[in-house]
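Read the structure below first, then the notes.
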There are 2 protein chains.
Amino acid sequence: MQPSPRQTSLIDAVRAALGDAAVTTDPGDIAPWLDDWRGRYHGRSPAILSPDSTAAVATVMRLAAEHGVPLVPQGGNTSMVGGATPPVDGSALIVSLRRMNRIRSIDPAAGLAVAEAGVILANLHAAAEAEGMRFPLTLGARGSATIGGLASTNAGGTQVLRFGTMRGLVAGVEAVLPNGEIHDGLAALKKDNRGYDLDHLLIGAEGTLGILTAVTLRLYPAIAQRAVAWVGLADPETALALLRRLERRTDTIESFEIVSGDSLAQVLKHIPGTRAPLATQHRWHVLIEAVATDPTAEAPAELLERLLAPALADGQAADATIAASEAQAEAFWRIRDSLSEAERASGPAMQHDISVPVATMPRFMIEAAAAAEARFPGSHATAFGHLGDGNVHFHVRAPAGADAARWYAEDAPIVTRFVHDLVVAAGGSISAEHGIGQMKRAELARLSSPARMAALRAIKAGLDPQGLMNPDKLLGLAENPAAP
Amino acid sequence: MQPSPRQTSLIDAVRAALGDAAVTTDPGDIAPWLDDWRGRYHGRSPAILSPDSTAAVATVMRLAAEHGVPLVPQGGNTSMVGGATPPVDGSALIVSLRRMNRIRSIDPAAGLAVAEAGVILANLHAAAEAEGMRFPLTLGARGSATIGGLASTNAGGTQVLRFGTMRGLVAGVEAVLPNGEIHDGLAALKKDNRGYDLDHLLIGAEGTLGILTAVTLRLYPAIAQRAVAWVGLADPETALALLRRLERRTDTIESFEIVSGDSLAQVLKHIPGTRAPLATQHRWHVLIEAVATDPTAEAPAELLERLLAPALADGQAADATIAASEAQAEAFWRIRDSLSEAERASGPAMQHDISVPVATMPRFMIEAAAAAEARFPGSHATAFGHLGDGNVHFHVRAPAGADAARWYAEDAPIVTRFVHDLVVAAGGSISAEHGIGQMKRAELARLSSPARMAALRAIKAGLDPQGLMNPDKLLGLAENPAAP
């Protein structure tokens with residue numbers, strides 16, 4: 001597409017200031033970055049700006065403010081909610097952080113690394129490993145997702161139970177604010193009470209308050225040993241009670257994932273090479289992973305055995321097994337990781353990334369599934385995932401034989417609003433770990449308290465008075481219709 | 001003092017809406033709340049408003065906005081920086097949260113308690129203990145300091161190494177925003193990505209963005225056993241290396257406090273009944289506390305013995321002893337807790353609550369002390385405290401024979417600016433745990449980056465456009481001169 005006159009001026013100004021390497025205008029080079037990776041959102045933009053340093057990002061920001069051109073920051077473009085896709089009207093330019101891909105420092109003794117926004121998660125993992133350390137946040141998109149995007153969206157993953165989301169792993173933030181000033185919070189001070197916490201404000205702001213250019217991340221000692229258990233039990237309430245029991249005795253539990261008997265059956269049916277970990281049948285299951293970083297500490301397998309024994313003795317756990325080998329541990333995890341794929345193989349389904357207070361989750365899983373199935377006859381609702389985080393993936397599958405295109409277009413939005421209403425009634429969040437982006441903007445406005453919306457808008461207006469940062473995300477008014 | 005006409009209207013409106021119990025205008029009843037507890041700040045105000053519920057706070061806030069009268073939120077009034085003392089011009093009314101003193105719920109299984117802003121810290125400790133749990137943040141003012149004040153100032157204390165500051169212990173915030181709307185974030189969601197994190201914005205905002213009415217707090221299992229070690233070693237660098245070594249092997253270390261040989265000598269000289277823990281002389285010492293919550297786990301004393309043995313063997317630790325009884329453990333802690341008192345007994349001194357990156361702290365302690373003593377001949381600089389938090393108390397004592405009043409009035413401010421300059425040069429913070437309040441407002445403005453100041457002001461203007469919340473604190477322009 002053709003740039004507008006003011007976009008042309010901005011592009012020329014950036015080229016003059018930062019050189020040709022910082023500007024991409026070839027439509028073929030831009031095209032891959034206009035759609036989200038799941039193909040749900042399709043934006044337009046005449047150029048990608050690619051600054052390679054914090055100072056260069058500040059230059060881009062100042063020039064954009066001067067020319068009044070909106071910017072959409074982009075890392076690996078792996079958003080689940082269309083958070084990095086430019087507006088359809090082509091009004092914004094993309095700012096790619098992918099050239100800012102240096103790990104500036106890594107200090108194993110201090111347990112800290114400073115990574116630029118464009119560092120790919122898998123590369124950070126490797127760099128930490130090379131130092132005998134570990135960056136414990138991981139997720140499926142680790143080969144593409146960038147540190148800047150992960151921090152900007154406060155990403156979660158499978159290790160949140162022990163380490164928290166990105167918010168808990170970011171020790172400091174460097175960012176360029178909409179006025180072009182550089183906020184340098186990289187010093188990783190453990191105690192710092194100099195007014196409002198700008199780092200926490202920028203984490204999870206989805207690029208609407210500025211552009212993260214680098215973050216200081218916490219590293220932990222590498223894992224020396226791990227053990228994975230599979231436990232059969234009666235219901236989610238019992239599963240949570242088991243988690244509480246374990247948590248009181250150890251802080252080495254990294255994963256506690258809940259899987260229903262139905263979901264397990266779907267996996268065994270649709271995913272080749274999978275087999276049930278237990279010979280006995282159960283209505284619910286949990287996968288537990290415990291680790292040790294100290295090779296001289298009690299082995300995690302022995303620890304799990306010792307802690308699960310009383311639960312088996314008093315019937316809290318109906319049956320349990322601990323993976324006897326790394327291959328078996330991987331096989332247990334493969335079941336967990338195949339749940340979404342098995343679900344999709346069973347027909348069209350809407351997936352919801354929601355959270356409720358942990359103590360409420362067991363009841364929510366049962367009652368919300370029943371309510372959804374009652375409200376949408378023939379549909380099938382399942383909940384699985386991170387019980388200990390109060391965050392489960394709540395899927396509603398279309399009735400057998402439903403026309404997929406029609407169901408997605410007509411029924412799915414109604415299903416989603418119904419699920420979100422249940423979540424809000426349970427005191428929960430309509431976005432546990434994926435953020436708001438474009439996808440949940442209308443639902444955020446529909447379901448948030450007046451206090452929250454007024455405060456979010458006041459902060460946005462205060463820090464980005466021209467409304468140039470990622471303008472159609474989170475709070476933006478413009479709609480960017482998406483086909484789910 | 002006499003209220004202004006608009007203050008009179010506000011007082012009448014609050015009395016009409018909330019009853020006589022919510023309004024105090026008797027000067028004798030108001031007087032104790034006009035000065036800070038150290039007698040450094042002296043404010044004026046014609047009334048204290050005392051709402052007893054969140055809805056009542058919202059009423060007060062709406063009426064204050066309507067009448068254009070500033071409000072100063074106050075809990076236990078134990079601020080170290082004049083953060084809860086009203087302006088001297090009498091323009092603001094005090095809002096006391098002390099009637100909001102209920103612990104709304106306590107859930108040992110979930111490890112959560114919901115406490116109103118006026119709950120006194122010691123009362124929360126007791127309530128948690130009664131449930132076999134523990135709220136791990138503690139500090140000297142625990143008999144007066146309230147939960148709302150602790151959260152509003154992101155208070156620290158002696159257990160930060162393991163549990164973090166209040167920011168790490170607050171799982172959710174309920175607050176009345178300046179527009180009178182209620183933000184309810186009490187649900188304690190572990191994952192929640194619905195835009196800017198309002199809870200983190202309000203924590204540490206010192207009441208300048210709204211009034212905290214309740215918070216959800218994390219509780220931990222009660223301590224079953226503890227052990228306290230005293231270690232003699234060469235220098236702060238060695239102390240930090242020892243901490244790193246211990247941290248890699250265990251996460252049960254709760255305190256790691258550094259004390260110089262000089263400071264220890266001051267305590268032994270001035271504090272009756274104290275004696276040196278080790279028979280040998282050392283230039284530096286650390287006090288280490290390890291705990292266990294699981295009575296079946298390795299005893300902390302054995303753990304410390306096992307972990308300190310290699311450090312003694314290879315000379316990292318010159319000498320070490322583990323308290324043989326609870327009385328001896330208390331005696332070790334008494335030395336640490338008497339450092340400030342011993343310092344004061346030696347003459348006038350300026351105390352600084354500063355932090356730098358942990359890895360930088362050992363060098364900073366030595367170099368900043370030397371620089372201060374060189375710059376102010378005859379003065380004596382000492383640093384002690386929370387090495388693992390990058391937060392030490394940095395004291396500069398007046399030269400022997402200095403006139404206290406003159407030194408405080410003329411020299412102390414110069415000393416403080418000098419120390420703050422060193423801190424900023426080291427990438428640190430001029431307020432580690434006490435906040436800015438009135439005391440450090442000018443220094444915050446002098447030493448912060450333009451990005452930080454512009455962002456803080458934009459946030460303040462966005463959320464409190466009338467500038468009514470705790471107006472002369474943190475960012476306020478009005479000066480409230482203080483005698484140190």
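Scheme for the structure tokens: letters A, B, ... for chains in order shown; per-chain residue numbers from 1; ligand numbers from 1 in order shown.
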
*Just list the residues in range 303-467 of chain A DSSP gives strand (DSSP E) on the backbone, as a ChimeraX atom specification.*
/A:319-322,349-355,380-386,391-397

Export of prior selection with C-alpha atoms as a short mmCIF file (atom, residue, chain, number, x, y, z; two decimals), in the first residue's frame:
```cif
data_model
loop_
_atom_site.label_atom_id
_atom_site.label_comp_id
_atom_site.auth_asym_id
_atom_site.auth_seq_id
_atom_site.Cartn_x
_atom_site.Cartn_y
_atom_site.Cartn_z
CA ASP A 319 -3.43 -44.30 42.09
CA ALA A 320 -0.07 -42.84 41.15
CA THR A 321 3.07 -43.62 39.23
CA ILE A 322 6.39 -41.87 38.88
CA ALA A 349 -13.99 -25.62 19.37
CA MET A 350 -13.58 -22.25 21.07
CA GLN A 351 -10.62 -22.02 23.45
CA HIS A 352 -10.66 -19.56 26.33
CA ASP A 353 -7.67 -18.28 28.26
CA ILE A 354 -9.28 -17.46 31.58
CA SER A 355 -8.40 -17.41 35.25
CA HIS A 380 -18.96 -30.40 24.97
CA ALA A 381 -16.97 -28.34 27.48
CA THR A 382 -13.60 -29.30 28.90
CA ALA A 383 -11.20 -27.58 31.23
CA PHE A 384 -7.58 -28.55 31.70
CA GLY A 385 -4.22 -27.07 32.53
CA HIS A 386 -2.60 -25.04 35.28
CA ASN A 391 -5.69 -20.72 34.97
CA VAL A 392 -7.26 -23.46 32.92
CA HIS A 393 -7.87 -23.68 29.23
CA PHE A 394 -11.61 -23.80 28.91
CA HIS A 395 -12.72 -25.30 25.60
CA VAL A 396 -16.24 -25.54 24.24
CA ARG A 397 -16.56 -27.95 21.30
#
```

*Just asking: which residues within range 62-301 of chain A are alpha helix (DSSP H) according to DSSP, as a PyMOL selection string?*
chain A and resi 62-67+121-130+147-152+160-163+166-169+198-202+236-249+261-270+300-301

*Which residues of chain A are close to chain B, meaning at most 7 Å apart when you count only C-alpha atoms, and how do they look as a count of residues only?*
50

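Between CA of Val72 in chain B and CA of Val95 in chain B the separation is 5.8 Å.
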
*asked:* Can you tell me which residues surround Thr78 in chain A at a distance of at most 9 Å, considering only C-alpha atoms, apart from same-chain residues fewer than 3 positions away, and format the answer as a PyMOL selection string?
replied: chain A and resi 36-38+75+81-84+141+144-146+149

Residues within 8 Å of range 15-20 of chain B, only C-alpha atoms, excluding chain neighbours under 3 positions, as a CSV table (one decimal) with C-alpha atoms, in the first residue's frame:
```csv
chain,number,residue,atom,x,y,z
B,11,ILE,CA,-16.9,18.6,56.8
B,12,ASP,CA,-20.6,19.2,57.0
B,23,VAL,CA,-15.5,13.5,61.7
B,24,THR,CA,-13.0,14.7,64.2
B,51,PRO,CA,-14.6,6.5,57.1
B,56,ALA,CA,-17.6,5.5,53.0
B,59,THR,CA,-18.2,9.0,49.7
```

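With CA of Ala324 in chain A on one side and CA of Glu298 in chain A on the other, the separation reads 16.5 Å.
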
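The gap separating CA of Val424 in chain B from CA of Asn101 in chain A is 28.0 Å, in Å to one decimal.
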
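Among the candidates A:Leu303, A:Glu330, A:Ser255, A:Ala309, the residue lying nearest to Pro277 in chain A is A:Glu330 (atoms considered: only C-alpha atoms).
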
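For range 60-71 of chain A, the non-local neighbours within 6 Å, defined as residues at least 4 positions apart in the same chain or in other chains and counting only C-alpha atoms, are Ala92, Leu93, Ile94, Gly180, Leu468, Met469 and Asn470 of chain A.
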
Pick out the residues sitting within 6 Å of range 287-291 of chain A, and hand them over as a PDB file with N, CA, C and O atoms, in the first residue's frame; count only C-alpha atoms, and ignore anything fewer than 6 positions along from it in its own chain.
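New file selection-v3.pdb:
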```
ATOM      1  N   GLN A 225      18.103 -32.547  38.538  1.00  0.00           N
ATOM      2  CA  GLN A 225      17.285 -33.758  38.432  1.00  0.00           C
ATOM      3  C   GLN A 225      15.818 -33.347  38.364  1.00  0.00           C
ATOM      4  O   GLN A 225      15.437 -32.341  38.940  1.00  0.00           O
ATOM      5  N   ARG A 226      15.005 -34.170  37.690  1.00  0.00           N
ATOM      6  CA  ARG A 226      13.569 -33.926  37.750  1.00  0.00           C
ATOM      7  C   ARG A 226      12.839 -35.256  37.872  1.00  0.00           C
ATOM      8  O   ARG A 226      13.392 -36.336  37.576  1.00  0.00           O
ATOM      9  N   ALA A 227      11.593 -35.175  38.320  1.00  0.00           N
ATOM     10  CA  ALA A 227      10.741 -36.360  38.380  1.00  0.00           C
ATOM     11  C   ALA A 227       9.348 -35.944  37.975  1.00  0.00           C
ATOM     12  O   ALA A 227       8.901 -34.840  38.301  1.00  0.00           O
ATOM     13  N   VAL A 228       8.673 -36.817  37.230  1.00  0.00           N
ATOM     14  CA  VAL A 228       7.318 -36.532  36.771  1.00  0.00           C
ATOM     15  C   VAL A 228       6.395 -37.648  37.261  1.00  0.00           C
ATOM     16  O   VAL A 228       6.656 -38.824  37.017  1.00  0.00           O
ATOM     17  N   ALA A 229       5.350 -37.249  37.961  1.00  0.00           N
ATOM     18  CA  ALA A 229       4.372 -38.229  38.469  1.00  0.00           C
ATOM     19  C   ALA A 229       3.047 -38.054  37.738  1.00  0.00           C
ATOM     20  O   ALA A 229       2.713 -36.955  37.275  1.00  0.00           O
ATOM     21  N   TRP A 230       2.306 -39.137  37.634  1.00  0.00           N
ATOM     22  CA  TRP A 230       0.951 -39.094  37.087  1.00  0.00           C
ATOM     23  C   TRP A 230       0.037 -39.696  38.158  1.00  0.00           C
ATOM     24  O   TRP A 230       0.297 -40.785  38.649  1.00  0.00           O
ATOM     25  N   THR A 252       9.562 -27.362  45.540  1.00  0.00           N
ATOM     26  CA  THR A 252      10.226 -27.828  44.326  1.00  0.00           C
ATOM     27  C   THR A 252       9.236 -28.282  43.261  1.00  0.00           C
ATOM     28  O   THR A 252       9.651 -28.792  42.227  1.00  0.00           O
ATOM     29  N   ILE A 253       7.944 -28.115  43.516  1.00  0.00           N
ATOM     30  CA  ILE A 253       6.942 -28.510  42.514  1.00  0.00           C
ATOM     31  C   ILE A 253       6.879 -27.425  41.441  1.00  0.00           C
ATOM     32  O   ILE A 253       6.551 -26.279  41.734  1.00  0.00           O
ATOM     33  N   GLU A 254       7.199 -27.784  40.208  1.00  0.00           N
ATOM     34  CA  GLU A 254       7.195 -26.787  39.133  1.00  0.00           C
ATOM     35  C   GLU A 254       5.941 -26.841  38.282  1.00  0.00           C
ATOM     36  O   GLU A 254       5.577 -25.850  37.657  1.00  0.00           O
ATOM     37  N   SER A 255       5.347 -28.013  38.187  1.00  0.00           N
ATOM     38  CA  SER A 255       4.143 -28.135  37.365  1.00  0.00           C
ATOM     39  C   SER A 255       3.125 -28.987  38.089  1.00  0.00           C
ATOM     40  O   SER A 255       3.472 -29.964  38.773  1.00  0.00           O
ATOM     41  N   PHE A 256       1.877 -28.585  37.921  1.00  0.00           N
ATOM     42  CA  PHE A 256       0.771 -29.348  38.509  1.00  0.00           C
ATOM     43  C   PHE A 256      -0.396 -29.148  37.547  1.00  0.00           C
ATOM     44  O   PHE A 256      -1.138 -28.183  37.641  1.00  0.00           O
ATOM     45  N   GLU A 257      -0.510 -30.056  36.590  1.00  0.00           N
ATOM     46  CA  GLU A 257      -1.443 -29.896  35.476  1.00  0.00           C
ATOM     47  C   GLU A 257      -2.592 -30.884  35.631  1.00  0.00           C
ATOM     48  O   GLU A 257      -2.376 -32.069  35.896  1.00  0.00           O
ATOM     49  N   PRO A 300      14.273 -35.790  43.410  1.00  0.00           N
ATOM     50  CA  PRO A 300      12.852 -35.428  43.269  1.00  0.00           C
ATOM     51  C   PRO A 300      11.931 -36.652  43.220  1.00  0.00           C
ATOM     52  O   PRO A 300      10.809 -36.601  43.725  1.00  0.00           O
TER      53      PRO A 300
END
```
